[in-house]
file protein.txt (compact mmCIF, C-alpha atoms)
# COMPACT_ATOMS: atom_id res chain seq x y z
CA MET A 1 16.81 18.90 50.82
CA ASP A 2 17.68 15.30 51.71
CA GLY A 3 19.62 12.83 49.58
CA LEU A 4 16.54 11.06 48.24
CA SER A 5 14.93 14.33 47.12
CA ASN A 6 18.14 15.30 45.39
CA GLN A 7 18.25 11.95 43.63
CA VAL A 8 14.63 12.27 42.48
CA LEU A 9 15.26 15.81 41.28
CA SER A 10 18.39 14.85 39.38
CA MET A 11 16.53 11.90 37.83
CA LYS A 12 13.75 14.26 36.69
CA THR A 13 16.31 16.69 35.29
CA PHE A 14 18.05 13.83 33.54
CA LYS A 15 14.79 12.61 32.07
CA ILE A 16 13.91 16.10 30.84
CA ALA A 17 17.36 16.32 29.28
CA ILE A 18 16.87 13.00 27.50
CA ILE A 19 13.40 14.01 26.26
CA THR A 20 14.73 17.34 25.01
CA THR A 21 17.59 15.58 23.27
CA LEU A 22 15.20 13.16 21.58
CA VAL A 23 12.95 16.02 20.45
CA ALA A 24 15.98 17.90 19.13
CA LEU A 25 17.21 14.77 17.34
CA SER A 26 13.78 14.20 15.80
CA ILE A 27 13.60 17.72 14.42
CA ALA A 28 17.23 17.87 13.32
CA THR A 29 17.10 14.54 11.49
CA ASN A 30 13.87 15.60 9.80
CA TYR A 31 15.55 18.72 8.43
CA VAL A 32 18.62 16.71 7.39
CA LEU A 33 16.44 14.23 5.53
CA ILE A 34 14.20 16.92 4.03
CA GLY A 35 15.07 15.82 0.47
CA VAL A 36 14.32 12.15 1.16
CA HIS A 37 10.55 11.94 1.16
CA ASN A 38 8.91 9.74 3.77
CA VAL A 39 12.16 8.37 5.14
CA LYS A 40 12.59 9.99 8.54
CA LEU A 41 13.98 9.11 11.96
CA MET A 42 11.40 11.14 13.89
CA ASP A 43 8.94 8.27 14.30
CA PHE A 44 11.72 6.06 15.62
CA MET A 45 12.88 8.67 18.16
CA VAL A 46 9.32 9.06 19.42
CA PHE A 47 8.92 5.28 19.67
CA VAL A 48 12.19 4.87 21.56
CA GLY A 49 11.24 7.71 23.90
CA GLY A 50 7.96 5.96 24.66
CA PHE A 51 9.64 2.58 25.03
CA CYS A 52 12.19 3.84 27.53
CA PHE A 53 10.21 6.41 29.50
CA GLY A 54 6.57 5.44 29.08
CA SER A 55 3.65 6.34 26.82
CA ILE A 56 3.09 9.86 28.14
CA VAL A 57 6.70 10.88 27.65
CA GLY A 58 6.75 9.21 24.21
CA ALA A 59 3.55 10.93 23.12
CA SER A 60 4.95 14.25 24.41
CA ILE A 61 8.09 13.81 22.29
CA GLY A 62 5.88 13.25 19.24
CA VAL A 63 3.65 16.23 19.90
CA LEU A 64 6.56 18.54 20.77
CA SER A 65 8.54 17.48 17.69
CA TRP A 66 5.63 18.25 15.37
CA LEU A 67 4.81 21.41 17.25
CA ILE A 68 8.16 22.82 16.17
CA TYR A 69 8.80 21.00 12.88
CA GLY A 70 5.22 21.50 11.70
CA THR A 71 5.36 25.24 12.33
CA LEU A 72 8.72 25.69 10.64
CA ASN A 73 7.99 23.24 7.86
CA PRO A 74 9.72 24.00 4.54
CA TYR A 75 6.79 22.41 2.71
CA GLY A 76 4.31 24.85 4.19
CA PHE A 77 1.88 25.06 7.06
CA VAL A 78 -1.71 23.82 7.01
CA PRO A 79 -3.30 23.96 10.50
CA GLN A 80 -5.60 20.93 10.05
CA VAL A 81 -2.81 18.72 8.70
CA TRP A 82 -0.43 20.01 11.34
CA LEU A 83 -2.85 19.13 14.15
CA ALA A 84 -3.47 15.70 12.65
CA THR A 85 0.24 14.91 12.30
CA MET A 86 0.92 16.18 15.81
CA LEU A 87 -1.70 13.87 17.29
CA ALA A 88 -0.90 10.95 14.99
CA GLU A 89 2.81 11.17 15.80
CA SER A 90 1.98 10.49 19.45
CA ILE A 91 0.82 6.99 18.40
CA TYR A 92 4.46 5.91 18.10
CA GLY A 93 5.11 7.09 21.65
CA ILE A 94 2.03 5.33 23.01
CA VAL A 95 2.87 2.07 21.19
CA GLY A 96 6.47 2.37 22.39
CA GLY A 97 5.26 2.88 25.95
CA VAL A 98 2.99 -0.16 25.86
CA LEU A 99 5.74 -2.32 24.39
CA GLY A 100 8.32 -1.00 26.84
CA LYS A 101 6.11 -2.08 29.71
CA SER A 102 5.40 -5.49 28.20
CA LEU A 103 8.94 -6.28 27.12
CA ALA A 104 10.52 -5.32 30.46
CA SER A 105 11.65 -8.84 31.23
CA THR A 106 12.58 -9.90 27.71
CA ASN A 107 16.04 -11.32 27.23
CA HIS A 108 17.07 -9.78 23.93
CA LYS A 109 20.36 -11.64 23.53
CA LYS A 110 18.55 -14.94 23.14
CA GLN A 111 15.98 -13.74 20.65
CA GLN A 112 17.56 -10.76 18.91
CA LEU A 113 16.32 -11.71 15.44
CA LYS A 114 12.76 -12.32 16.63
CA LEU A 115 12.72 -9.03 18.50
CA SER A 116 14.15 -7.15 15.54
CA VAL A 117 11.47 -8.54 13.24
CA PHE A 118 8.84 -7.75 15.86
CA PHE A 119 10.12 -4.17 16.17
CA ALA A 120 10.05 -3.90 12.38
CA THR A 121 6.36 -4.84 12.32
CA MET A 122 5.77 -2.40 15.19
CA GLY A 123 7.33 0.26 12.99
CA PHE A 124 5.10 -0.72 10.10
CA ILE A 125 1.66 -1.02 11.71
CA PRO A 126 1.50 2.31 13.60
CA THR A 127 2.74 3.98 10.39
CA VAL A 128 -0.33 2.62 8.58
CA VAL A 129 -2.53 4.31 11.19
CA TYR A 130 -0.46 7.50 11.06
CA ASP A 131 -0.67 7.69 7.26
CA LEU A 132 -4.38 6.98 7.31
CA ILE A 133 -5.06 9.79 9.80
CA THR A 134 -2.89 12.31 7.96
CA ASN A 135 -4.36 11.34 4.57
CA VAL A 136 -7.89 11.81 5.89
CA ALA A 137 -6.89 15.19 7.36
CA TYR A 138 -5.34 16.21 4.03
CA ALA A 139 -8.42 15.04 2.09
CA SER A 140 -10.75 16.98 4.41
CA SER A 141 -8.64 20.11 4.21
CA PHE A 142 -8.35 20.18 0.42
CA ASN A 143 -11.77 18.77 -0.52
CA VAL A 144 -10.26 15.63 -2.02
CA PRO A 145 -12.29 12.37 -1.85
CA ILE A 146 -10.87 10.35 1.05
CA LEU A 147 -10.50 7.12 -0.95
CA ALA A 148 -8.68 9.00 -3.72
CA ALA A 149 -6.32 10.56 -1.19
CA VAL A 150 -5.62 7.19 0.42
CA PHE A 151 -5.09 5.28 -2.82
CA VAL A 152 -3.23 7.93 -4.80
CA GLY A 153 -0.90 8.42 -1.85
CA ALA A 154 -0.32 4.67 -1.52
CA PRO A 155 3.21 4.62 -3.02
CA PHE A 156 4.30 7.28 -0.52
CA THR A 157 2.61 5.59 2.42
CA VAL A 158 4.07 2.19 1.54
CA LEU A 159 7.53 3.78 1.28
CA HIS A 160 6.98 5.40 4.69
CA GLU A 161 5.83 2.09 6.20
CA VAL A 162 8.67 0.04 4.74
CA ALA A 163 11.29 2.65 5.69
CA ASN A 164 9.98 2.69 9.26
CA ALA A 165 9.96 -1.10 9.38
CA VAL A 166 13.63 -1.16 8.37
CA ILE A 167 14.62 1.62 10.78
CA PHE A 168 12.70 0.14 13.72
CA GLY A 169 13.93 -3.38 12.95
CA VAL A 170 17.60 -2.45 12.64
CA CYS A 171 17.97 0.36 15.18
CA SER A 172 15.58 -0.41 18.06
CA ILE A 173 17.70 -2.87 20.04
CA PRO A 174 21.01 -0.92 19.75
CA MET A 175 19.30 2.39 20.56
CA ILE A 176 17.36 1.04 23.54
CA THR A 177 20.46 -0.75 24.87
CA ALA A 178 22.49 2.46 24.53
CA LEU A 179 19.83 4.47 26.34
CA ARG A 180 19.75 1.84 29.06
CA LYS A 181 23.49 2.21 29.58
CA LEU A 182 23.20 5.98 29.53
CA CYS A 183 20.40 6.04 32.06
CA GLY A 184 22.18 3.57 34.32
CA GLY A 185 19.31 1.28 35.12
CA GLU A 186 16.33 3.61 34.83
CA LYS A 187 13.37 1.35 35.56
CA ARG A 188 11.67 1.60 32.16
CA VAL A 189 14.79 1.29 30.04
CA VAL A 190 14.70 -2.41 29.57
CA LEU A 191 15.67 -5.38 27.40
CA LYS A 192 17.89 -7.54 29.54
CA LYS A 193 21.20 -8.71 28.18
CA MET B 194 5.23 -10.74 25.92
CA SER B 195 5.12 -14.51 25.96
CA PHE B 196 3.67 -14.65 22.46
CA LEU B 197 7.07 -13.67 21.12
CA LYS B 198 8.22 -17.19 21.93
CA ASN B 199 5.93 -18.47 19.23
CA ARG B 200 7.57 -17.83 15.89
CA TRP B 201 4.24 -18.06 14.04
CA VAL B 202 3.04 -14.92 15.80
CA ILE B 203 5.99 -13.05 14.31
CA VAL B 204 5.26 -14.63 10.93
CA ALA B 205 1.62 -13.51 11.28
CA PHE B 206 2.73 -9.92 12.01
CA VAL B 207 5.02 -9.94 8.97
CA MET B 208 2.23 -11.35 6.79
CA LEU B 209 -0.12 -8.65 8.09
CA CYS B 210 2.38 -5.98 7.05
CA TRP B 211 2.77 -7.63 3.66
CA ALA B 212 -1.02 -7.79 3.22
CA ILE B 213 -1.39 -4.10 4.06
CA ALA B 214 1.40 -3.09 1.65
CA SER B 215 0.10 -5.24 -1.19
CA SER B 216 -3.50 -4.09 -0.61
CA SER B 217 -2.32 -0.48 -0.77
CA ALA B 218 -0.55 -1.22 -4.05
CA LEU B 219 -3.67 -2.94 -5.36
CA GLY B 220 -5.83 0.02 -4.36
CA TYR B 221 -3.40 2.41 -5.99
CA TYR B 222 -3.31 0.58 -9.33
CA TYR B 223 -7.06 -0.02 -9.33
CA TYR B 224 -7.67 3.67 -8.69
CA GLN B 225 -5.27 4.66 -11.47
CA TYR B 226 -6.94 2.17 -13.82
CA ALA B 227 -10.47 3.35 -12.99
CA ASP B 228 -9.36 6.95 -13.33
CA LEU B 229 -7.80 6.25 -16.74
CA ILE B 230 -10.98 4.55 -17.95
CA ASP B 231 -12.99 7.57 -16.79
CA ARG B 232 -10.67 9.92 -18.63
CA LEU B 233 -10.78 7.77 -21.77
CA GLY B 234 -14.58 7.56 -21.67
CA GLY B 235 -15.92 8.75 -25.00
CA VAL B 236 -12.51 8.87 -26.64
CA PRO B 237 -12.62 6.09 -29.23
CA ILE B 238 -9.38 4.36 -30.25
CA PRO B 239 -8.78 2.96 -33.75
CA ILE B 240 -8.09 -0.78 -34.01
CA ASN B 241 -7.88 -3.45 -36.68
CA LEU B 242 -10.92 -5.60 -36.06
CA GLY B 243 -11.50 -8.88 -37.84
CA ILE B 244 -13.93 -11.78 -37.82
CA ASP B 245 -13.32 -15.35 -38.94
CA TYR B 246 -16.33 -17.66 -39.31
CA ALA B 247 -14.10 -20.76 -39.51
CA ASN B 248 -15.53 -21.59 -42.94
CA GLY B 249 -12.89 -19.80 -44.99
CA THR B 250 -14.51 -16.39 -44.60
CA ARG B 251 -12.46 -13.75 -42.84
CA GLU B 252 -13.40 -10.07 -42.88
CA TRP B 253 -11.37 -7.12 -41.67
CA PHE B 254 -12.72 -3.82 -40.40
CA ASN B 255 -9.46 -1.87 -40.14
CA GLY B 256 -9.66 1.54 -38.54
CA THR B 257 -12.76 0.66 -36.53
CA VAL B 258 -12.91 2.83 -33.44
CA GLY B 259 -14.08 2.02 -29.93
CA VAL B 260 -13.28 2.41 -26.28
CA THR B 261 -13.80 -1.24 -25.42
CA LEU B 262 -13.73 -4.20 -27.78
CA TYR B 263 -17.52 -4.54 -27.54
CA ASP B 264 -17.87 -0.86 -28.36
CA ALA B 265 -15.74 -1.36 -31.50
CA MET B 266 -17.81 -4.39 -32.55
CA VAL B 267 -21.04 -2.41 -32.28
CA ARG B 268 -19.53 0.56 -34.12
CA ALA B 269 -18.37 -1.81 -36.89
CA GLY B 270 -22.05 -2.62 -37.44
CA TRP B 271 -21.94 -6.20 -36.20
CA SER B 272 -24.99 -7.90 -34.83
CA VAL B 273 -23.92 -9.20 -31.45
CA GLU B 274 -25.88 -11.33 -29.02
CA ALA B 275 -24.46 -11.76 -25.55
CA GLN B 276 -25.29 -12.89 -22.07
CA SER B 277 -24.41 -10.61 -19.17
CA PHE B 278 -22.54 -11.93 -16.16
CA ASP B 279 -22.72 -8.70 -14.16
CA VAL B 280 -19.26 -7.54 -13.08
CA MET B 281 -17.62 -10.31 -15.08
CA GLY B 282 -18.95 -8.72 -18.28
CA LEU B 283 -20.57 -10.01 -21.45
CA TYR B 284 -20.32 -13.54 -22.83
CA VAL B 285 -20.81 -13.42 -26.60
CA THR B 286 -23.08 -16.16 -27.88
CA SER B 287 -23.66 -15.05 -31.46
CA ILE B 288 -22.10 -12.70 -34.00
CA ASN B 289 -23.77 -11.70 -37.27
CA GLY B 290 -26.29 -14.51 -36.99
CA LEU B 291 -23.77 -17.30 -36.34
CA ALA B 292 -24.47 -18.66 -32.86
CA GLU B 293 -22.27 -20.88 -30.73
CA SER B 294 -22.98 -24.58 -31.03
CA GLN B 295 -22.70 -27.18 -28.29
CA SER B 296 -23.23 -30.02 -30.75
CA THR B 297 -20.19 -29.08 -32.87
CA SER B 298 -18.37 -27.54 -29.90
CA ASN B 299 -17.80 -24.23 -31.67
CA TYR B 300 -17.73 -21.05 -29.60
CA TRP B 301 -16.84 -17.42 -30.22
CA GLY B 302 -13.59 -16.21 -28.76
CA TRP B 303 -11.48 -13.16 -29.39
CA TRP B 304 -7.75 -13.16 -30.04
CA THR B 305 -5.18 -10.40 -30.15
CA TRP B 306 -2.09 -10.40 -32.36
CA THR B 307 1.23 -10.47 -30.47
CA ALA B 308 4.88 -11.09 -31.29
CA PHE B 309 4.17 -14.77 -30.52
CA GLY B 310 1.13 -15.02 -32.78
CA TRP B 311 -2.54 -15.03 -31.79
CA SER B 312 -3.08 -14.74 -28.06
CA HIS B 313 -6.45 -15.53 -26.49
CA GLY B 314 -8.25 -12.55 -24.95
CA GLY B 315 -8.36 -12.88 -21.23
CA SER B 316 -11.51 -10.93 -20.38
CA ALA B 317 -15.03 -10.12 -21.45
CA CYS B 318 -15.13 -7.94 -24.57
CA ASN B 319 -16.97 -5.09 -22.84
CA LYS B 320 -14.33 -5.03 -20.08
CA TYR B 321 -11.37 -4.93 -22.44
CA VAL B 322 -10.07 -1.44 -23.21
CA VAL B 323 -8.41 -1.49 -26.61
CA THR B 324 -5.04 0.08 -27.47
CA VAL B 325 -4.18 2.14 -30.55
CA ASN B 326 -3.88 0.05 -33.75
CA GLU B 327 -4.29 -3.22 -31.88
CA THR B 328 -5.23 -6.17 -34.09
CA ILE B 329 -8.11 -8.22 -32.72
CA ILE B 330 -9.98 -11.04 -34.37
CA TRP B 331 -13.13 -12.89 -33.38
CA TYR B 332 -12.81 -16.56 -34.28
CA TYR B 333 -15.47 -19.23 -34.29
CA SER B 334 -13.16 -21.67 -32.53
CA TYR B 335 -13.49 -25.36 -32.06
CA CYS B 336 -13.32 -25.99 -28.33
CA ASP B 337 -12.08 -29.35 -27.05
CA PRO B 338 -14.99 -30.60 -24.87
CA THR B 339 -12.67 -32.37 -22.42
CA THR B 340 -9.94 -29.76 -21.92
CA TRP B 341 -11.88 -26.62 -22.97
CA VAL B 342 -8.88 -25.52 -25.01
CA MET B 343 -9.91 -23.28 -27.90
CA THR B 344 -8.32 -23.63 -31.32
CA PRO B 345 -6.48 -20.41 -32.24
CA PRO B 346 -7.18 -18.68 -35.57
CA PRO B 347 -5.01 -19.88 -38.48
call {"tool": "encode", "arguments": {"input": "protein.txt", "output": "C-alpha cells"}}
result
Amino acid sequence: MDGLSNQVLSMKTFKIAIITTLVALSIATNYVLIGVHNVKLMDFMVFVGGFCFGSIVGASIGVLSWLIYGTLNPYGFVPQVWLATMLAESIYGIVGGVLGKSLASTNHKKQQLKLSVFFATMGFIPTVVYDLITNVAYASSFNVPILAAVFVGAPFTVLHEVANAVIFGVCSIPMITALRKLCGGEKRVVLKK
Amino acid sequence: MSFLKNRWVIVAFVMLCWAIASSSALGYYYYQYADLIDRLGGVPIPINLGIDYANGTREWFNGTVGVTLYDAMVRAGWSVEAQSFDVMGLYVTSINGLAESQSTSNYWGWWTWTAFGWSHGGSACNKYVVTVNETIIWYYSYCDPTTWVMTPPP
C-alpha cells in the first residue's frame, strides 16, 4: 500500500471516528437531557456533522442517532413516529451540508455576530419542518386531527425551535472551529479565521 | 453566501422566525379558545343583565343565563333587532322597540362593570362569551357624531 492510499485510509478512519463520536454525543446528551423536554443537543450535533463533512454524512448521523435513541427511548416506541423522526432528523444534516458548502470561504472573524444570528435562524427554520413532520406522524398514528396536533403542540414546538436557535447561534462557530482544528484542514471543515 | 453581507437578509430571517413563533402561539390560543367555546356550548352562565333607555328607566335582569351576551338577552325575553355582519357578528339596532336614531345620534352599546367603572364592550354581543356573575348593561348612548365616542352609562 503506498503513502497516498494510507493517507486516504487514515482519513476515512478518522472521519468514521468523528461520525461515531458525534452519534455517541447526540445519544448521550439526549439521555442526559431526558428531563428537559424539547431542549436537546442532538439536532446541533447532526447539523455540525453535515456542515463539516457534507449532507450525506450529516443525514447519516441523524438517522443513526434516532435509530438507536428511538429504539431505546424511555418515553416508548411507536414505529411510525420513530420512522418520521429518523427521517426528519436528517434535515439538520442536509441543511448543515448545504451551508457548509456555501460558507466555505466565509471569514467568520469579521462577521461573527452576523454568522451567529444566521446560524440561529438555521437552527430555528429546520426545526419548524422537523416538528411539523413529527406532529403529522403523531396525528396519523393516534387518529388525532392534524391541525389539533399542530396547534396543541405549539408551546412545545416553539420551545424546541427557540432552544435550537439559541444552541445553534451560540455553539456553531466554536464547535465548527474546534472540529476544523481537530481535523487539521479537512476540506469541508471551514469558516476561515 | 454573499447575501450574508446584507444585514437586511439576516433581519428578514429573524423576522421569519418571529412570525412562525407568533403564528404558532396564535394558532395555539385560537384552538384553545375554540375548543373552550365548544365545550361550553349549551352550558348557560348566570349574569347580571341590565338595560338603560337613557330616559331614567333602568331595568335589571339579575341571574339571567346565557352562553353569549346575545343568548342572555334573548333568554331574558328582550325583543332584539340586529344586522348581521357575518364573522364580525351582530350589530344591534333596536331593543324592546327602541331603535337607534341617527337624528339624535343615539345608539345601543353594551358596557361591562369593572374596577374602573363601566367599560365599553369590545365585540359583537353574539361573539362575546359571558363570565359567571358578570354585570353587563345595554345603554342607549349618545354618540358624538364627530369623534364617535359613546357616552358611558351613569
call {"tool": "closest_residue", "arguments": {"input": "protein.txt", "among": "A:Ala137, A:Val117, A:Ile16, A:Val36", "to": "His160 (chain A)", "atoms": "only C-alpha atoms"}}
result
A:Val36
call {"tool": "atom_distance", "arguments": {"input": "protein.txt", "atom1": "CA of Pro126 (chain A)", "atom2": "CA of Gly97 (chain A)"}}
result
12.9 Å
call {"tool": "interface_residues", "arguments": {"input": "protein.txt", "of": "chain A", "to": "chain B", "cutoff": "9 Å", "atoms": "only C-alpha atoms", "output": "list of chain:residue names"}}
result
A:Leu99, A:Ser102, A:Leu103, A:Ala104, A:Ser105, A:Thr106, A:Gln111, A:Lys114, A:Leu115, A:Val117, A:Phe118, A:Ala120, A:Thr121, A:Met122, A:Phe124, A:Ile125, A:Val128, A:Leu147, A:Ala148, A:Val150, A:Phe151, A:Val152, A:Gly153, A:Ala154, A:Pro155, A:Thr157, A:Val158, A:Glu161, A:Val162
call {"tool": "write_last_selection", "arguments": {"input": "protein.txt", "atoms": "C-alpha atoms", "output": "mmCIF file, in the coordinates of the input"}}
result
data_model
loop_
_atom_site.group_PDB
_atom_site.id
_atom_site.type_symbol
_atom_site.label_atom_id
_atom_site.label_comp_id
_atom_site.auth_asym_id
_atom_site.auth_seq_id
_atom_site.Cartn_x
_atom_site.Cartn_y
_atom_site.Cartn_z
ATOM 1 C CA LEU A 99 5.740 -2.320 24.390
ATOM 2 C CA SER A 102 5.400 -5.490 28.200
ATOM 3 C CA LEU A 103 8.940 -6.280 27.120
ATOM 4 C CA ALA A 104 10.520 -5.320 30.460
ATOM 5 C CA SER A 105 11.650 -8.840 31.230
ATOM 6 C CA THR A 106 12.580 -9.900 27.710
ATOM 7 C CA GLN A 111 15.980 -13.740 20.650
ATOM 8 C CA LYS A 114 12.760 -12.320 16.630
ATOM 9 C CA LEU A 115 12.720 -9.030 18.500
ATOM 10 C CA VAL A 117 11.470 -8.540 13.240
ATOM 11 C CA PHE A 118 8.840 -7.750 15.860
ATOM 12 C CA ALA A 120 10.050 -3.900 12.380
ATOM 13 C CA THR A 121 6.360 -4.840 12.320
ATOM 14 C CA MET A 122 5.770 -2.400 15.190
ATOM 15 C CA PHE A 124 5.100 -0.720 10.100
ATOM 16 C CA ILE A 125 1.660 -1.020 11.710
ATOM 17 C CA VAL A 128 -0.330 2.620 8.580
ATOM 18 C CA LEU A 147 -10.500 7.120 -0.950
ATOM 19 C CA ALA A 148 -8.680 9.000 -3.720
ATOM 20 C CA VAL A 150 -5.620 7.190 0.420
ATOM 21 C CA PHE A 151 -5.090 5.280 -2.820
ATOM 22 C CA VAL A 152 -3.230 7.930 -4.800
ATOM 23 C CA GLY A 153 -0.900 8.420 -1.850
ATOM 24 C CA ALA A 154 -0.320 4.670 -1.520
ATOM 25 C CA PRO A 155 3.210 4.620 -3.020
ATOM 26 C CA THR A 157 2.610 5.590 2.420
ATOM 27 C CA VAL A 158 4.070 2.190 1.540
ATOM 28 C CA GLU A 161 5.830 2.090 6.200
ATOM 29 C CA VAL A 162 8.670 0.040 4.740
#
call {"tool": "residues_around", "arguments": {"input": "protein.txt", "residues": "region 317-333 of chain B", "least_positions_apart": "2", "cutoff": "6 Å", "atoms": "only C-alpha atoms", "output": "short mmCIF file (atom, residue, chain, number, x, y, z; two decimals) with C-alpha atoms, keeping the file's coordinate frame"}}
result
data_model
loop_
_atom_site.label_atom_id
_atom_site.label_comp_id
_atom_site.auth_asym_id
_atom_site.auth_seq_id
_atom_site.Cartn_x
_atom_site.Cartn_y
_atom_site.Cartn_z
CA ILE B 238 -9.38 4.36 -30.25
CA PRO B 239 -8.78 2.96 -33.75
CA ILE B 240 -8.09 -0.78 -34.01
CA ASN B 241 -7.88 -3.45 -36.68
CA LEU B 242 -10.92 -5.60 -36.06
CA GLY B 243 -11.50 -8.88 -37.84
CA ILE B 244 -13.93 -11.78 -37.82
CA ASP B 245 -13.32 -15.35 -38.94
CA TYR B 246 -16.33 -17.66 -39.31
CA ALA B 247 -14.10 -20.76 -39.51
CA VAL B 260 -13.28 2.41 -26.28
CA THR B 261 -13.80 -1.24 -25.42
CA LEU B 262 -13.73 -4.20 -27.78
CA TYR B 263 -17.52 -4.54 -27.54
CA GLY B 282 -18.95 -8.72 -18.28
CA LEU B 283 -20.57 -10.01 -21.45
CA TYR B 300 -17.73 -21.05 -29.60
CA TRP B 301 -16.84 -17.42 -30.22
CA GLY B 302 -13.59 -16.21 -28.76
CA TRP B 303 -11.48 -13.16 -29.39
CA TRP B 304 -7.75 -13.16 -30.04
CA THR B 305 -5.18 -10.40 -30.15
CA TRP B 306 -2.09 -10.40 -32.36
#
call {"tool": "atom_distance", "arguments": {"input": "protein.txt", "atom1": "CA of Thr339 (chain B)", "atom2": "CA of Thr297 (chain B)"}}
result
13.3 Å
call {"tool": "closest_residue", "arguments": {"input": "protein.txt", "among": "A:Asn30, A:Asn38, A:Phe53, A:Ala88", "to": "Ile68 (chain A)", "atoms": "all atoms listed in the file"}}
result
A:Asn30
call {"tool": "closest_residue", "arguments": {"input": "protein.txt", "among": "B:Ser334, B:Thr257, B:Thr344, B:Asn299", "to": "Pro237 (chain B)", "atoms": "all atoms listed in the file"}}
result
B:Thr257
call {"tool": "residues_around", "arguments": {"input": "protein.txt", "residues": "region 24-29 of chain A", "least_positions_apart": "3", "cutoff": "8 Å", "atoms": "all atoms listed in the file", "output": "PyMOL selection string"}}
result
chain A and resi 20-21+32-33+40-43+45-46+65+68-69
call {"tool": "write_last_selection", "arguments": {"input": "protein.txt", "atoms": "C-alpha atoms", "output": "PDB file, keeping the file's coordinate frame"}}
result
ATOM      1  CA  THR A  20      14.730  17.340  25.010  1.00  0.00           C
ATOM      2  CA  THR A  21      17.590  15.580  23.270  1.00  0.00           C
ATOM      3  CA  VAL A  32      18.620  16.710   7.390  1.00  0.00           C
ATOM      4  CA  LEU A  33      16.440  14.230   5.530  1.00  0.00           C
ATOM      5  CA  LYS A  40      12.590   9.990   8.540  1.00  0.00           C
ATOM      6  CA  LEU A  41      13.980   9.110  11.960  1.00  0.00           C
ATOM      7  CA  MET A  42      11.400  11.140  13.890  1.00  0.00           C
ATOM      8  CA  ASP A  43       8.940   8.270  14.300  1.00  0.00           C
ATOM      9  CA  MET A  45      12.880   8.670  18.160  1.00  0.00           C
ATOM     10  CA  VAL A  46       9.320   9.060  19.420  1.00  0.00           C
ATOM     11  CA  SER A  65       8.540  17.480  17.690  1.00  0.00           C
ATOM     12  CA  ILE A  68       8.160  22.820  16.170  1.00  0.00           C
ATOM     13  CA  TYR A  69       8.800  21.000  12.880  1.00  0.00           C
TER      14      TYR A  69
END
call {"tool": "axis_aligned_box", "arguments": {"input": "protein.txt", "around": "region 299-306 of chain B", "padding_each_side": "4 Å", "output": "lines of an AutoDock Vina configuration file"}}
result
center_x = -9.9
center_y = -17.3
center_z = -30.6
size_x = 23.7
size_y = 21.8
size_z = 11.6
call {"tool": "residues_around", "arguments": {"input": "protein.txt", "residues": "Tyr138 (chain A)", "least_positions_apart": "5", "cutoff": "8 Å", "atoms": "all atoms listed in the file", "output": "number ranges by chain"}}
result
A: 80-81, 144, 149
call {"tool": "atom_distance", "arguments": {"input": "protein.txt", "atom1": "CA of Thr307 (chain B)", "atom2": "CA of Thr250 (chain B)"}}
result
22.0 Å
call {"tool": "residues_near_point", "arguments": {"input": "protein.txt", "point": "(10.1, 6.2, 1.6)", "cutoff": "7 Å", "atoms": "all atoms listed in the file", "output": "compact mmCIF listing (two decimals) with C-alpha atoms, keeping the file's coordinate frame"}}
result
# COMPACT_ATOMS: atom_id res chain seq x y z
CA HIS A 37 10.55 11.94 1.16
CA ASN A 38 8.91 9.74 3.77
CA VAL A 39 12.16 8.37 5.14
CA PHE A 156 4.30 7.28 -0.52
CA LEU A 159 7.53 3.78 1.28
CA HIS A 160 6.98 5.40 4.69
CA ALA A 163 11.29 2.65 5.69
call {"tool": "closest_residue", "arguments": {"input": "protein.txt", "among": "A:Ile34, A:Met175, A:Val136, A:Val63", "to": "Glu89 (chain A)", "atoms": "all atoms listed in the file"}}
result
A:Val63
call {"tool": "closest_residue", "arguments": {"input": "protein.txt", "among": "B:Met266, B:Met343, B:Ser316, B:Val236", "to": "Met281 (chain B)", "atoms": "all atoms listed in the file"}}
result
B:Ser316
call {"tool": "residues_around", "arguments": {"input": "protein.txt", "residues": "Gly169 (chain A)", "least_positions_apart": "3", "cutoff": "7 Å", "atoms": "only C-alpha atoms", "output": "ChimeraX atom specification"}}
result
/A:116-117,119-120,165-166,172
call {"tool": "decode", "arguments": {"input": "protein.txt", "residues": "region 78-87 of chain A", "atoms": "N, CA and C atoms", "output": "JSON list (two decimals), in the first residue's frame"}}
result
[["chain", "number", "residue", "atom", "x", "y", "z"],
["A", 78, "VAL", "N", -42.96, 4.04, 19.14],
["A", 78, "VAL", "CA", -44.05, 3.96, 18.17],
["A", 78, "VAL", "C", -43.40, 3.95, 16.78],
["A", 79, "PRO", "N", -43.53, 2.85, 16.03],
["A", 79, "PRO", "CA", -42.79, 2.73, 14.77],
["A", 79, "PRO", "C", -42.97, 3.89, 13.81],
["A", 80, "GLN", "N", -44.24, 4.35, 13.64],
["A", 80, "GLN", "CA", -44.49, 5.43, 12.66],
["A", 80, "GLN", "C", -43.77, 6.72, 13.07],
["A", 81, "VAL", "N", -43.88, 7.05, 14.38],
["A", 81, "VAL", "CA", -43.24, 8.27, 14.87],
["A", 81, "VAL", "C", -41.71, 8.14, 14.81],
["A", 82, "TRP", "N", -41.26, 6.95, 15.12],
["A", 82, "TRP", "CA", -39.82, 6.68, 15.08],
["A", 82, "TRP", "C", -39.26, 6.88, 13.67],
["A", 83, "LEU", "N", -39.97, 6.32, 12.68],
["A", 83, "LEU", "CA", -39.52, 6.48, 11.29],
["A", 83, "LEU", "C", -39.53, 7.95, 10.87],
["A", 84, "ALA", "N", -40.60, 8.65, 11.29],
["A", 84, "ALA", "CA", -40.72, 10.07, 10.93],
["A", 84, "ALA", "C", -39.59, 10.89, 11.55],
["A", 85, "THR", "N", -39.30, 10.63, 12.83],
["A", 85, "THR", "CA", -38.24, 11.41, 13.50],
["A", 85, "THR", "C", -36.88, 11.07, 12.88],
["A", 86, "MET", "N", -36.70, 9.82, 12.53],
["A", 86, "MET", "CA", -35.43, 9.39, 11.94],
["A", 86, "MET", "C", -35.19, 10.13, 10.63],
["A", 87, "LEU", "N", -36.23, 10.20, 9.81],
["A", 87, "LEU", "CA", -36.08, 10.88, 8.51],
["A", 87, "LEU", "C", -36.00, 12.40, 8.70]]
